[in-house]
Structure formats: C-alpha cells, structure tokens
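Below you'll find the structure, written out as structure tokens, and then a few comments.
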Amino acid sequence: MGGKPLPVGGNVLPVACRPACDGEFFGVDGAIFLDPVAIALVFGGSALVAAVRSTGSDLGRAAASLAPLFRTRADAEAQAARVAVNRIAERAARSGIGAAERAAVVERFLARAAARLADAPDPQAFLAWGKAELSARAERHAAVHAVWRSAADAAPAMGMIGTVIGLIRMFSAMDDPAKIGPGMALALLTTLYGVIVANCIAGPVAARLERLSRAELLWQKEALERLAAIAREEQGGPIETRVARIEARLRAA
C-alpha cells in the first residue's frame, strides 16, 4: 500500500491503514461526499415536490409519523386492544352497555369507541359510526403515505437534474482543467443523493408506515365488530331476556 510511512514500534505503517479518526474512511476524505448544492437540490427539491403535492396538515402528519415509526409494535397494540375490549365487555355485562365508557381504557380510539357504544341508540348506529371512523382514518393514513412516496419518487428526478447541471458546469469549463472536477462531483453526488433518498430514506419510511397502518386498521376493525356484537347482545333478544339481565345486575349491586 502507498502513502507516507508512520513509525509504529520501530516499523512503518502506511497512512491508508490509519483509523478513520480524522474524517477519513479507508484513506478517503469523508468531506468529499458533502456538497451543499447537491444536498439542496436533492433533499430540498424532493421536499418541495412532496409539499406541492400535499396539504399543510398532511405534511404535519408526515413529520409527526416519524416519532412512533420504530416504537410502534403492531402485535403488542393488537393484544392490548383485545384486553381493552374485554374490559369494556366486562363492564357492559356487569353494569349495562351505558356504563361501557367507564371501563379502564387508555387507548384513545377504543376510549372513543366505548363512549360511542354507550350513547348509540342501536348496534346499526354504532356500526355506521365505526365504518365512517375507519374510513376517515384510512384516508388520513393514505395521505401521509403519499407524502413520503412523493419524496421517494421525486428524489431520482432531482438527482438527474443535478447531474445535468453538473455536466453543464463541467463542459462549460473544458478550457480550465481545474474547474472540471467540481462539475463532475456535483453530477455524481446528486445522483448518489437521489438514490439514497429514494431507496434508503423516503421509500422505506413509506413502506413501513403502510404496513403499520394496515395492522392498526385491522385490530381497530376487529375491536369495532366485537363491540357491535356486545351491543346486539345487550339490546337485542326478547324483552324477557333483557329484563332478566337488568334484574340480575340490580341484585348484584
């Protein structure tokens, strides 16, 4: 290996073998991979395209979605939802469906569902509310996914624009060899940044959010169906059965 020898215990060690403690990585200066113009073109351009395609609320939700991105555990949420629905069912069986909202439920969606269940005049009204709620949530999720997909789709195009700009700079300075390098560096770095944003940042974020959204909507749908079944059991059946349930609760009280 080449490079200036360094004394190491009476021997010599090539410079290229030194640890990457001074900004170098295997003898390559890491600073060459940072270019403000290329960063502005690709990252800024991709963000601008996503912003133009979306609304302000969508952009806010897209930014907020990064916080729970890796903390969310779909299986744990589904299990916690089953436990919460069981609590609501136990409360309804013990005190009537009107007391469902007093069940100890922490998850906000299920707490709202329990309150709606207590106030619903019949199971059909509760199911109609649940269907509308899930539809609205799915639409909001899809809008967030679209923000990240827009950034992922725009990044390669922004990289190509930077590549063309870099080539123009390079060819316009052919008479000065010292000015050819920066143009070529810009052309290559914008291509690199575009690939990174599309395939290593925005694309994976969108894919994970879509997966988490499907899992969340699935357990929410199952919970609503279970709560609707509780409403049908409580409010349906012969009048004698309902009266017997009320009398049993009064005796227990």
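Naming scheme: A, B, ... for chains in displayed order of the structure tokens; residues 1 onward per chain; ligands 1 onward as shown.
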Per residue of stretch 115-147 of chain A within 12 Å of stretch 34-56 of chain A, record the nearest atom pair and its distance in Å to one decimal, counting only C-alpha atoms, with rows in chain order and ascending residue number, as a tab-separated table.
```
residue	atom	partner	partner_atom	distance
A:Arg140	CA	A:Thr55	CA	11.3
A:Ala142	CA	A:Ser54	CA	11.4
A:Ala143	CA	A:Ser54	CA	7.7
A:Val144	CA	A:Ser54	CA	8.8
A:His145	CA	A:Ser54	CA	10.6
A:Ala146	CA	A:Ser54	CA	8.0
A:Val147	CA	A:Ala50	CA	5.4
```
Can you tell me, as a PDB file with N, CA and C atoms, in the first residue's frame, what residues are no more than 12 Å from A:Arg102 when counting only C-alpha atoms, ignoring any on the same chain fewer than 2 positions away?
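Written output follows (out.pdb):
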```pdb
ATOM      1  N   ALA A  84     -58.368  -4.460  26.204  1.00  0.00           N
ATOM      2  CA  ALA A  84     -59.255  -3.322  26.450  1.00  0.00           C
ATOM      3  C   ALA A  84     -60.697  -3.643  26.085  1.00  0.00           C
ATOM      4  N   ARG A  87     -62.277  -5.618  28.756  1.00  0.00           N
ATOM      5  CA  ARG A  87     -62.674  -4.778  29.892  1.00  0.00           C
ATOM      6  C   ARG A  87     -64.012  -4.092  29.617  1.00  0.00           C
ATOM      7  N   ILE A  88     -64.158  -3.594  28.389  1.00  0.00           N
ATOM      8  CA  ILE A  88     -65.422  -2.945  28.034  1.00  0.00           C
ATOM      9  C   ILE A  88     -66.565  -3.950  28.105  1.00  0.00           C
ATOM     10  N   ALA A  89     -66.313  -5.175  27.607  1.00  0.00           N
ATOM     11  CA  ALA A  89     -67.350  -6.215  27.641  1.00  0.00           C
ATOM     12  C   ALA A  89     -67.718  -6.571  29.074  1.00  0.00           C
ATOM     13  N   GLU A  90     -66.726  -6.676  29.942  1.00  0.00           N
ATOM     14  CA  GLU A  90     -66.999  -6.992  31.341  1.00  0.00           C
ATOM     15  C   GLU A  90     -67.801  -5.885  32.009  1.00  0.00           C
ATOM     16  N   ARG A  91     -67.442  -4.642  31.733  1.00  0.00           N
ATOM     17  CA  ARG A  91     -68.186  -3.518  32.311  1.00  0.00           C
ATOM     18  C   ARG A  91     -69.626  -3.505  31.810  1.00  0.00           C
ATOM     19  N   ALA A  92     -69.818  -3.760  30.501  1.00  0.00           N
ATOM     20  CA  ALA A  92     -71.174  -3.779  29.946  1.00  0.00           C
ATOM     21  C   ALA A  92     -71.987  -4.925  30.522  1.00  0.00           C
ATOM     22  N   ARG A  94     -71.611  -6.253  33.458  1.00  0.00           N
ATOM     23  CA  ARG A  94     -71.851  -6.042  34.883  1.00  0.00           C
ATOM     24  C   ARG A  94     -72.806  -4.889  35.153  1.00  0.00           C
ATOM     25  N   SER A  95     -72.663  -3.805  34.397  1.00  0.00           N
ATOM     26  CA  SER A  95     -73.430  -2.601  34.698  1.00  0.00           C
ATOM     27  C   SER A  95     -74.304  -2.113  33.556  1.00  0.00           C
ATOM     28  N   GLY A  96     -74.304  -2.806  32.442  1.00  0.00           N
ATOM     29  CA  GLY A  96     -75.098  -2.367  31.306  1.00  0.00           C
ATOM     30  C   GLY A  96     -74.253  -1.655  30.281  1.00  0.00           C
ATOM     31  N   ILE A  97     -74.757  -1.603  29.044  1.00  0.00           N
ATOM     32  CA  ILE A  97     -73.981  -1.015  27.962  1.00  0.00           C
ATOM     33  C   ILE A  97     -73.764   0.487  28.156  1.00  0.00           C
ATOM     34  N   GLY A  98     -74.653   1.127  28.908  1.00  0.00           N
ATOM     35  CA  GLY A  98     -74.480   2.548  29.168  1.00  0.00           C
ATOM     36  C   GLY A  98     -73.267   2.864  30.010  1.00  0.00           C
ATOM     37  N   ALA A  99     -72.718   1.860  30.687  1.00  0.00           N
ATOM     38  CA  ALA A  99     -71.527   2.068  31.519  1.00  0.00           C
ATOM     39  C   ALA A  99     -70.251   1.679  30.799  1.00  0.00           C
ATOM     40  N   ALA A 100     -70.334   1.369  29.503  1.00  0.00           N
ATOM     41  CA  ALA A 100     -69.147   0.917  28.761  1.00  0.00           C
ATOM     42  C   ALA A 100     -68.046   1.964  28.766  1.00  0.00           C
ATOM     43  N   ALA A 104     -61.845   0.894  32.130  1.00  0.00           N
ATOM     44  CA  ALA A 104     -60.473   1.419  32.183  1.00  0.00           C
ATOM     45  C   ALA A 104     -59.769   1.153  30.851  1.00  0.00           C
ATOM     46  N   VAL A 105     -59.858   2.126  29.952  1.00  0.00           N
ATOM     47  CA  VAL A 105     -59.257   2.001  28.623  1.00  0.00           C
ATOM     48  C   VAL A 105     -58.349   3.209  28.393  1.00  0.00           C
ATOM     49  N   VAL A 106     -57.090   2.938  28.028  1.00  0.00           N
ATOM     50  CA  VAL A 106     -56.123   4.014  27.819  1.00  0.00           C
ATOM     51  C   VAL A 106     -56.071   4.436  26.355  1.00  0.00           C
ATOM     52  N   LEU A 110     -60.117   3.362  21.242  1.00  0.00           N
ATOM     53  CA  LEU A 110     -61.048   2.475  21.942  1.00  0.00           C
ATOM     54  C   LEU A 110     -61.840   3.230  22.998  1.00  0.00           C
ATOM     55  N   ALA A 111     -61.241   4.231  23.630  1.00  0.00           N
ATOM     56  CA  ALA A 111     -61.986   5.036  24.598  1.00  0.00           C
ATOM     57  C   ALA A 111     -63.128   5.776  23.906  1.00  0.00           C
ATOM     58  N   ARG A 112     -62.861   6.318  22.721  1.00  0.00           N
ATOM     59  CA  ARG A 112     -63.917   6.983  21.964  1.00  0.00           C
ATOM     60  C   ARG A 112     -64.973   5.986  21.510  1.00  0.00           C
ATOM     61  N   ALA A 113     -64.528   4.794  21.114  1.00  0.00           N
ATOM     62  CA  ALA A 113     -65.479   3.763  20.699  1.00  0.00           C
ATOM     63  C   ALA A 113     -66.380   3.343  21.855  1.00  0.00           C
ATOM     64  N   ALA A 114     -65.805   3.221  23.062  1.00  0.00           N
ATOM     65  CA  ALA A 114     -66.599   2.848  24.227  1.00  0.00           C
ATOM     66  C   ALA A 114     -67.629   3.924  24.546  1.00  0.00           C
ATOM     67  N   ALA A 115     -67.225   5.192  24.446  1.00  0.00           N
ATOM     68  CA  ALA A 115     -68.171   6.284  24.696  1.00  0.00           C
ATOM     69  C   ALA A 115     -69.288   6.286  23.659  1.00  0.00           C
ATOM     70  N   ARG A 116     -68.921   6.039  22.401  1.00  0.00           N
ATOM     71  CA  ARG A 116     -69.936   5.987  21.356  1.00  0.00           C
ATOM     72  C   ARG A 116     -70.872   4.794  21.554  1.00  0.00           C
ATOM     73  N   LEU A 117     -70.312   3.675  22.003  1.00  0.00           N
ATOM     74  CA  LEU A 117     -71.123   2.488  22.258  1.00  0.00           C
ATOM     75  C   LEU A 117     -72.153   2.763  23.354  1.00  0.00           C
ATOM     76  N   ALA A 118     -71.738   3.491  24.381  1.00  0.00           N
ATOM     77  CA  ALA A 118     -72.654   3.793  25.490  1.00  0.00           C
ATOM     78  C   ALA A 118     -73.796   4.698  25.050  1.00  0.00           C
TER      79      ALA A 118
END
```
In Å to one decimal, how far is atom CA of A:Ala178 from atom CA of A:Thr163?
->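 Value for the atom CA of A:Thr163-atom CA of A:Ala178 distance: 18.8 Å.
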Would you mind telling me which residue in A:Phe70, A:Phe109, A:Trp129, A:Phe33 lies nearest to A:Leu212 when using only C-alpha atoms?
-> A:Phe70
Give the strand (DSSP E or B) residues of stretch 9-127 of chain A, as assigned by DSSP on the backbone, as a ChimeraX atom specification.
-> /A:11-13,24-25,28-29
Written file, previous selection with C-alpha atoms, as a tab-separated table (two decimals), in the first residue's frame:
```tsv
chain	number	residue	atom	x	y	z
A	11	ASN	CA	8.25	-0.43	11.99
A	12	VAL	CA	6.26	1.58	9.49
A	13	LEU	CA	2.51	1.70	8.87
A	24	GLU	CA	-11.12	9.71	6.60
A	25	PHE	CA	-12.61	6.32	5.76
A	28	VAL	CA	-10.80	8.62	1.63
A	29	ASP	CA	-11.75	12.05	2.96
```
Extract the full set of alpha helix (DSSP H) residues from stretch 2-202 of chain A according to DSSP on the backbone, and format it as a ChimeraX atom specification.
-> /A:36-39,45-53,56-64,74-95,108-119,123-171,180-196
For the atom pair atom CA of A:Met158 and atom CA of A:Asp176, what is the interatomic distance in Å to one decimal place?
-> 27.4 Å
So how many Å separate atom CA of A:Arg82 and atom CA of A:Ala229, to one decimal?
-> 14.1 Å
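Compared by their closest atoms to A:Val195, and using only C-alpha atoms, the residues A:Ile180, A:Ala151, A:Leu218, A:Ile168 rank with A:Ala151 nearest.
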